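Worksheet for the structure shown next.
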Amino acid sequence: MTLDLPRVLTDWYASRGWTVFDFQHHAWEAYLGGRDGLIFSPTGTGKTFAAWLGPVLERLRGPEPTAESPDPIRVVWVTPLRALASDTARALQESADALGLRWTVETRTGDTTSSVKSRQRKRLPTALVTTPESLTILLTYPETLRQLRGLRCVVCDEWHELLSTKRGVQTELALSRLRACAPDLRVWGVSATLGNLDTAARVLVGPDRPEPAMIRGTADKPIEIECLLPESVDRYPWAGHIGTALSGQVIDRVRAAESTLVFTNTRSQAEIWFREIVRKAPDLIGRVALHHGSLDRELRDMVERMLKGEEGGLKCVVSTSSLDLGVDFAPVDQVIQIGSPKGVARIVQRAGRSGHRPGAVSRIVGVPTHAFEMIEFAGVRDAVARGELESREPIAKPLDVLVQHLVTAAMAEGFDEDALKAEVRSTWAFHDLTDRDWAWAMDFVRRGGEALTVYPEYARLVDIGGLMKVASRAIATRHRMNIGTIVADDAVKVAYPNGKVLGSIEESFVARLNIGDRFVFAGKVLELKKLREMTATVERARSVRGAVPRWNGGKMPLSTQLASAVQDQLRAAAAGVYEGPEMACVRPLLELQETLSVIPTPDALLIEHAKVRGRHHVFVFPFAGRLAHEGLGAVLSLRLSRLSPRSVTAVVNDYGIELSCDEPIETDAETWQELLVREGLLDDLLSAVNAAEFARRQFREIARIAGLTHQGYPGRQVRTRHLQASSDMFFDVFREFDPQNLLLFQAQREVLDQQLELSRLDRALERAASLSIRVMETPVLSPLAFPLYAESLRATTVTSESWEDRVRKLAAQMEARSHRTYKARS
């Protein structure tokens, strides 16, 4: 079809100095043609209006409204972040007003007041910007479900953020409910950084829907990646050995730019760099701010307002992924990435915060925290140039989410079991759901399964007149309060004596502190005064030093794409080619690696062995990422112990595995080919990693989502340790009295897939079978082996000498010994 745009739209575009892009035109045509679709375009190229203006054009083509009141609900806009909701709603409302529509655009998130939520239940706005959790809660009310029968479009913004998560599955199930309610509904997704587009689109719309429209945006947005370099590089590096040494260069860059976003990979790193910047550049105090997910919402809101130029504005913000998707602030002059981005898509997403407009160049400056990260920055630049983005694999059959959905579906008007089963199977996540799995889930919500039959509170659904409905109002209230798949960490609130809240930190960190101890949080050095009822009361400390909290999930693995790009850089170095400033900087390190061993290349698996202080060490370098290496290290330790009884210790990083033992370890290639076979991998992995304890911890999340444990009511949250005790009790009860409970099998599967990356581990062994094995004996540790050995010292540093001092001394010793070795060989 040829789309004739109305004058009011073209005039509005012209008044803003915009041009309608071809991809926007194609998206509007597809929408008006009745199709679902996915819009894929770099950040800042106009994809929001490509999705939004389809429903707008549909309304502009319709009859003039006969009533003075706004149009009923037509669009639901799903966003993964509450922080995005208000800015998105504002942009959508401004466009609707400019085009003369009687549309109201509102938000509904956890931040929405109860009075607004009550009003929305009676009359929804024309367009609702919401989160997966708030949308699901809406589906529990019969009055809102009736209103949603007139819904025309659902847009899932930043779909890549939801795709490979249980929140994504929750969204899929909500969409299946909405399609049953509004059969003519069209579903569109919006994404900027995604590798498996076809799969992402099919998951979004469902496996049985017509082929979705694939709308690719403007030509790939140019991204420039620069890397700050130290004056010299130690040839024996270890994780974090550069640390904040480049902070002077970072501060110079911040001063030279009008506005800067400094991204870190962890909240701890954000705290450290914020303190370092204000310590070294006191003139920036008040003009640099901190932003991460553990800070109080009010503090983050203030920073976001200042990013938009309100309340005096800011020159620099140090942030974690909490600003990856960003609030709708003006483009910053520059983006700085502290440490390796660990993935290609992440650096593309973050770079997009600069030049955040069509046609502009996005620029990002990398700051390595250890020498090998320079290779990763060189590799990510090449991967971005080739357009290699990571895929995000969808989750299949999470039965805890299904159990929660069954109770949700029963709350509004009840459901017919056969009809809902067909509805659930229309989603990608449950398209192959068996009758046995469905029967188990229904039995679980009707009577609690085999083990909980005698407890009436787990008989959550009853059959009333052929429809499944919630058994009691109390069950309905409790369920509504606990809808969602985000499981809270064991967090302790941090507050001043006057009650002002700074944010929250993990209970495990606070538990190690004594009254009077100092720690860094919210960019301040704080002194612990009191710890009571999950609240740490603090005061500002006079000292400038304190411990930095550590949060779970701090060590993300190197992605497959970036690991491959690193190996490409190493292959070139092995051939004597050092392209780019980063590789030139690390050349002395890699030349020493080649002198003592070889530079690993993708066509061979490098295994080094050395004897250090009487202990035998073998270093294996599959380049499969930290999580896969943790599993492989455990498997190799087990298999070595089977060859002869001995205790083998494994330490890992993103590049390789260290195996150490008091007794000699086999070093012939034939033995290692046998040790690295795929046969028996799953059984060996389950035996080696104490899978039962892993599964027990994972079951805590599953129990919460499935409704076995509850986080409590507003103002009366259940303490995390009590939730853990309850979930542990269920885990033990099911193992003893209901061993075929499918949630137990799910816990094990999630451990293998998410914590040990079984599929990636399996691919690494499959690849190893096709490679030649190069076993190298090194007279001293090689530069690649040293970071692994340094990590192993953490567990054995029992003297008053700090781990870092001990590693520095060892590095100097290795440097001296390697120099003697080089002279002897020459």
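So you can find residues: chains in the structure tokens are A, B, ... in the order shown, residues in each start at 1, and ligands are numbered from 1 in order.
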Checklist line | Sel. of helix (DSSP H, G or I) residues, range 27-115 of chain A, as a VMD selection string | finding: chain A and resid 27 to 32 47 to 61 82 to 98 114 to 115
Which residues of range 140-248 of chain A come within 9 Å of range 581-594 of chain A, and what is each one's closest atom pair and distance in Å (one decimal), counting only C-alpha atoms, sorted by chain and residue number, as a Markdown table?
```
| residue | atom | partner | partner_atom | distance |
| --- | --- | --- | --- | --- |
| A:Cys227 | CA | A:Glu582 | CA | 7.1 |
| A:Leu228 | CA | A:Glu582 | CA | 8.6 |
| A:Leu229 | CA | A:Glu582 | CA | 7.2 |
| A:Pro230 | CA | A:Cys585 | CA | 8.3 |
| A:Glu231 | CA | A:Cys585 | CA | 8.6 |
| A:Ser232 | CA | A:Cys585 | CA | 7.4 |
| A:Val233 | CA | A:Val586 | CA | 6.7 |
| A:Asp234 | CA | A:Leu589 | CA | 7.3 |
| A:Arg235 | CA | A:Leu589 | CA | 4.5 |
| A:Tyr236 | CA | A:Leu589 | CA | 7.4 |
| A:Pro237 | CA | A:Leu589 | CA | 8.7 |
```
Next item on the list: Considering only C-alpha atoms, return as a ChimeraX atom specification whatever protein or nucleic-acid residues lie within 8 Å of range 251-255 of chain A, sequence-local ones (same chain, fewer than 5 positions apart) excluded.
Entry: /A:260,277,281,315-316
Using C-alpha atoms, can you export the residues from the last selection as a compact mmCIF listing (two decimals), in the first residue's frame?
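Wrote out-v6.txt, looks like this:
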```txt
# COMPACT_ATOMS: atom_id res chain seq x y z
CA THR A 260 29.89 13.37 30.32
CA ILE A 277 36.94 12.04 40.76
CA ALA A 281 39.07 17.32 41.29
CA LYS A 315 28.86 18.23 34.12
CA CYS A 316 29.33 14.51 34.80
```
Go through range 681-801 of chain A and collect every residue that DSSP, computed from the backbone, puts in strand (DSSP E); the answer should be as a PDB file with N, CA and C atoms, in the first residue's frame.
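Once everything was written out, this is part12.pdb:
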```pdb
ATOM      1  N   GLY A 712       5.474  -9.918  51.534  1.00  0.00           N
ATOM      2  CA  GLY A 712       4.714  -9.148  52.504  1.00  0.00           C
ATOM      3  C   GLY A 712       3.943  -8.012  51.866  1.00  0.00           C
ATOM      4  N   TYR A 713       3.345  -7.195  52.711  1.00  0.00           N
ATOM      5  CA  TYR A 713       2.526  -6.072  52.268  1.00  0.00           C
ATOM      6  C   TYR A 713       3.303  -4.775  52.428  1.00  0.00           C
ATOM      7  N   ARG A 716       5.207  -3.691  55.519  1.00  0.00           N
ATOM      8  CA  ARG A 716       5.354  -4.887  56.364  1.00  0.00           C
ATOM      9  C   ARG A 716       6.073  -5.985  55.588  1.00  0.00           C
ATOM     10  N   GLN A 717       7.219  -5.610  54.965  1.00  0.00           N
ATOM     11  CA  GLN A 717       7.980  -6.572  54.185  1.00  0.00           C
ATOM     12  C   GLN A 717       8.544  -7.679  55.076  1.00  0.00           C
ATOM     13  N   SER A 772      43.823 -28.580  17.701  1.00  0.00           N
ATOM     14  CA  SER A 772      45.055 -29.197  18.176  1.00  0.00           C
ATOM     15  C   SER A 772      45.344 -28.643  19.578  1.00  0.00           C
ATOM     16  N   ILE A 773      46.001 -29.445  20.396  1.00  0.00           N
ATOM     17  CA  ILE A 773      46.326 -29.022  21.750  1.00  0.00           C
ATOM     18  C   ILE A 773      47.814 -28.731  21.840  1.00  0.00           C
ATOM     19  N   ARG A 774      48.143 -27.528  22.267  1.00  0.00           N
ATOM     20  CA  ARG A 774      49.539 -27.124  22.425  1.00  0.00           C
ATOM     21  C   ARG A 774      49.854 -27.048  23.912  1.00  0.00           C
ATOM     22  N   VAL A 775      50.656 -27.989  24.388  1.00  0.00           N
ATOM     23  CA  VAL A 775      51.047 -28.030  25.789  1.00  0.00           C
ATOM     24  C   VAL A 775      52.431 -27.408  25.910  1.00  0.00           C
ATOM     25  N   MET A 776      52.529 -26.355  26.713  1.00  0.00           N
ATOM     26  CA  MET A 776      53.786 -25.626  26.856  1.00  0.00           C
ATOM     27  C   MET A 776      54.213 -25.621  28.328  1.00  0.00           C
ATOM     28  N   GLU A 777      55.469 -26.042  28.571  1.00  0.00           N
ATOM     29  CA  GLU A 777      56.040 -25.927  29.913  1.00  0.00           C
ATOM     30  C   GLU A 777      56.750 -24.581  30.009  1.00  0.00           C
TER      31      GLU A 777
END
```
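Going from CA of Ser319 in chain A over to CA of Val169 in chain A, you cover 28.2 Å.
Considering the residues A:Gly62, A:Ser134, A:Leu570, A:Gly286 and counting only C-alpha atoms, Gly484 in chain A has its shortest atom-to-atom contact with A:Ser134.
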Notebook entry, point to check: What lies within 9 Å of range 672-687 of chain A using only C-alpha atoms, ignoring chain neighbours under 3 positions off, as JSON, numbers by chain?
Noted result: {"A": [631, 632, 634, 635, 636, 638, 639, 640, 666, 667, 668, 669, 690, 691, 692, 752, 758, 762, 763, 765, 766, 768, 769, 773]}
Checklist line | Shell around Leu314 in chain A at 8 Å using only C-alpha atoms, local window under 2 positions removed, as a PyMOL selection string | finding: chain A and resi 259+286-289+306-307+309+312+316-317
Can those selected residues be exported to a file as an mmCIF file, in the first residue's frame so that it contains all heavy atoms?
```
data_model
loop_
_atom_site.group_PDB
_atom_site.id
_atom_site.type_symbol
_atom_site.label_atom_id
_atom_site.label_comp_id
_atom_site.auth_asym_id
_atom_site.auth_seq_id
_atom_site.Cartn_x
_atom_site.Cartn_y
_atom_site.Cartn_z
ATOM 1 N N SER A 259 29.351 17.906 28.913
ATOM 2 C CA SER A 259 28.631 16.901 29.703
ATOM 3 C C SER A 259 29.202 15.525 29.404
ATOM 4 O O SER A 259 29.565 15.217 28.266
ATOM 5 C CB SER A 259 27.129 16.923 29.382
ATOM 6 O OG SER A 259 26.912 16.741 27.992
ATOM 7 N N GLY A 286 29.721 19.026 43.336
ATOM 8 C CA GLY A 286 28.457 19.691 43.050
ATOM 9 C C GLY A 286 28.095 19.674 41.582
ATOM 10 O O GLY A 286 26.943 19.947 41.214
ATOM 11 N N ARG A 287 29.083 19.330 40.728
ATOM 12 C CA ARG A 287 28.824 19.264 39.280
ATOM 13 C C ARG A 287 28.981 17.844 38.747
ATOM 14 O O ARG A 287 28.837 17.602 37.559
ATOM 15 C CB ARG A 287 29.770 20.211 38.544
ATOM 16 C CG ARG A 287 29.664 21.664 39.042
ATOM 17 C CD ARG A 287 30.769 22.518 38.471
ATOM 18 N NE ARG A 287 30.617 22.693 37.030
ATOM 19 C CZ ARG A 287 31.594 23.082 36.218
ATOM 20 N NH1 ARG A 287 32.815 23.297 36.716
ATOM 21 N NH2 ARG A 287 31.370 23.222 34.935
ATOM 22 N N VAL A 288 29.334 16.908 39.652
ATOM 23 C CA VAL A 288 29.419 15.502 39.296
ATOM 24 C C VAL A 288 28.525 14.735 40.256
ATOM 25 O O VAL A 288 28.454 15.054 41.445
ATOM 26 C CB VAL A 288 30.879 14.992 39.343
ATOM 27 C CG1 VAL A 288 31.465 15.182 40.725
ATOM 28 C CG2 VAL A 288 30.963 13.513 38.955
ATOM 29 N N ALA A 289 27.795 13.752 39.737
ATOM 30 C CA ALA A 289 26.821 13.014 40.553
ATOM 31 C C ALA A 289 26.983 11.518 40.341
ATOM 32 O O ALA A 289 27.646 11.065 39.398
ATOM 33 C CB ALA A 289 25.399 13.455 40.211
ATOM 34 N N MET A 306 18.575 16.752 36.955
ATOM 35 C CA MET A 306 19.750 17.577 36.678
ATOM 36 C C MET A 306 20.363 17.218 35.325
ATOM 37 O O MET A 306 20.908 18.081 34.634
ATOM 38 C CB MET A 306 20.772 17.422 37.804
ATOM 39 C CG MET A 306 20.277 17.963 39.147
ATOM 40 S SD MET A 306 21.427 17.669 40.512
ATOM 41 C CE MET A 306 22.681 18.912 40.172
ATOM 42 N N LEU A 307 20.271 15.944 34.942
ATOM 43 C CA LEU A 307 20.744 15.545 33.616
ATOM 44 C C LEU A 307 19.980 16.261 32.504
ATOM 45 O O LEU A 307 20.521 16.511 31.428
ATOM 46 C CB LEU A 307 20.580 14.025 33.440
ATOM 47 C CG LEU A 307 21.760 13.143 33.836
ATOM 48 C CD1 LEU A 307 21.358 11.680 33.765
ATOM 49 C CD2 LEU A 307 22.954 13.400 32.944
ATOM 50 N N GLY A 309 19.060 19.222 32.662
ATOM 51 C CA GLY A 309 19.327 20.641 32.722
ATOM 52 C C GLY A 309 18.559 21.361 33.798
ATOM 53 O O GLY A 309 18.677 22.583 33.939
ATOM 54 N N GLY A 312 20.044 23.376 37.966
ATOM 55 C CA GLY A 312 21.442 23.763 37.824
ATOM 56 C C GLY A 312 22.252 22.909 36.868
ATOM 57 O O GLY A 312 23.312 23.320 36.419
ATOM 58 N N CYS A 316 28.960 15.932 34.910
ATOM 59 C CA CYS A 316 29.326 14.514 34.796
ATOM 60 C C CYS A 316 28.457 13.674 35.722
ATOM 61 O O CYS A 316 28.146 14.096 36.843
ATOM 62 C CB CYS A 316 30.806 14.345 35.153
ATOM 63 S SG CYS A 316 31.373 12.638 35.260
ATOM 64 N N VAL A 317 28.070 12.494 35.263
ATOM 65 C CA VAL A 317 27.375 11.512 36.088
ATOM 66 C C VAL A 317 28.117 10.189 35.986
ATOM 67 O O VAL A 317 28.411 9.726 34.873
ATOM 68 C CB VAL A 317 25.907 11.319 35.655
ATOM 69 C CG1 VAL A 317 25.252 10.212 36.478
ATOM 70 C CG2 VAL A 317 25.121 12.608 35.818
#
```
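Straight-line separation from CA of Val652 in chain A to CA of Phe623 in chain A: 10.6 Å.
When CA of Ala491 in chain A is paired with CA of Leu513 in chain A, their separation reads 14.6 Å.
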Next item on the list: Just the residues within 12 Å of Glu630 in chain A, please, counting only C-alpha atoms, with nothing from its chain fewer than 6 positions along; format it as number ranges by chain.
Entry: A: 557, 622, 624, 636-637, 649-659, 685, 688-689, 752, 755-758, 760-761
Item checked: Closest of A:Ala610, A:Ile705, A:Ile137, A:Val494 to Ser782 in chain A - atom-to-atom distances counting only C-alpha atoms -> A:Ala610
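Among the candidate residues A:Leu526, A:Met468, A:Ala574, A:Met729, the one lying nearest to Arg542 in chain A is A:Leu526, with distances computed using only C-alpha atoms.
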Check: Within 10 Å of Gln120 in chain A, counting only C-alpha atoms, which residues qualify if same-chain residues fewer than 4 places away don't, as a PyMOL selection string?
Finding: chain A and resi 106-108+114-116+124-125+128+138+143-144
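Considering the residues A:Asp517, A:Glu693, A:Asp283, A:Glu423 and counting only C-alpha atoms, Cys181 in chain A has its shortest atom-to-atom contact with A:Glu423.
For the residues A:Arg186, A:Arg532, A:Lys342, A:Arg146, ranking by smallest atom-to-atom distance to Gly33 in chain A using only C-alpha atoms places A:Arg186 first.
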Cut-off 12 Å: closest range 74-142 of chain A/range 297-302 of chain A atom pairs per residue, using only C-alpha atoms, as CSV:
```
residue,atom,partner,partner_atom,distance
A:Arg82,CA,A:Arg297,CA,10.6
A:Ala83,CA,A:Asp301,CA,8.3
A:Leu84,CA,A:Asp301,CA,11.3
A:Ser86,CA,A:Asp301,CA,11.2
A:Asp87,CA,A:Asp301,CA,11.9
A:Gly110,CA,A:Arg297,CA,11.6
A:Asp111,CA,A:Arg297,CA,9.7
```
What does the file look like for those residues with N, CA, C and O atoms, as a short mmCIF file (atom, residue, chain, number, x, y, z; two decimals), in the first residue's frame?
```
data_model
loop_
_atom_site.label_atom_id
_atom_site.label_comp_id
_atom_site.auth_asym_id
_atom_site.auth_seq_id
_atom_site.Cartn_x
_atom_site.Cartn_y
_atom_site.Cartn_z
N ARG A 82 10.84 1.65 35.14
CA ARG A 82 9.94 2.69 35.62
C ARG A 82 10.49 4.08 35.30
O ARG A 82 9.73 5.02 35.05
N ALA A 83 11.84 4.20 35.34
CA ALA A 83 12.45 5.51 35.10
C ALA A 83 12.15 6.04 33.71
O ALA A 83 12.17 7.25 33.47
N LEU A 84 11.87 5.14 32.77
CA LEU A 84 11.58 5.56 31.40
C LEU A 84 10.13 5.99 31.22
O LEU A 84 9.80 6.69 30.26
N SER A 86 7.80 8.02 32.72
CA SER A 86 7.34 9.41 32.73
C SER A 86 7.81 10.17 31.49
O SER A 86 7.03 10.90 30.87
N ASP A 87 9.08 10.00 31.12
CA ASP A 87 9.59 10.71 29.95
C ASP A 87 8.93 10.21 28.66
O ASP A 87 8.65 11.00 27.76
N GLY A 110 4.97 1.16 39.65
CA GLY A 110 5.01 1.09 41.11
C GLY A 110 5.05 2.45 41.77
O GLY A 110 4.78 2.56 42.97
N ASP A 111 5.42 3.49 41.01
CA ASP A 111 5.48 4.84 41.57
C ASP A 111 4.15 5.58 41.48
O ASP A 111 4.02 6.68 42.03
#
```
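Among the candidates A:Ala30, A:Leu81, A:Val262, A:Val648, the residue lying nearest to Pro212 in chain A is A:Ala30 (atoms considered: only C-alpha atoms).
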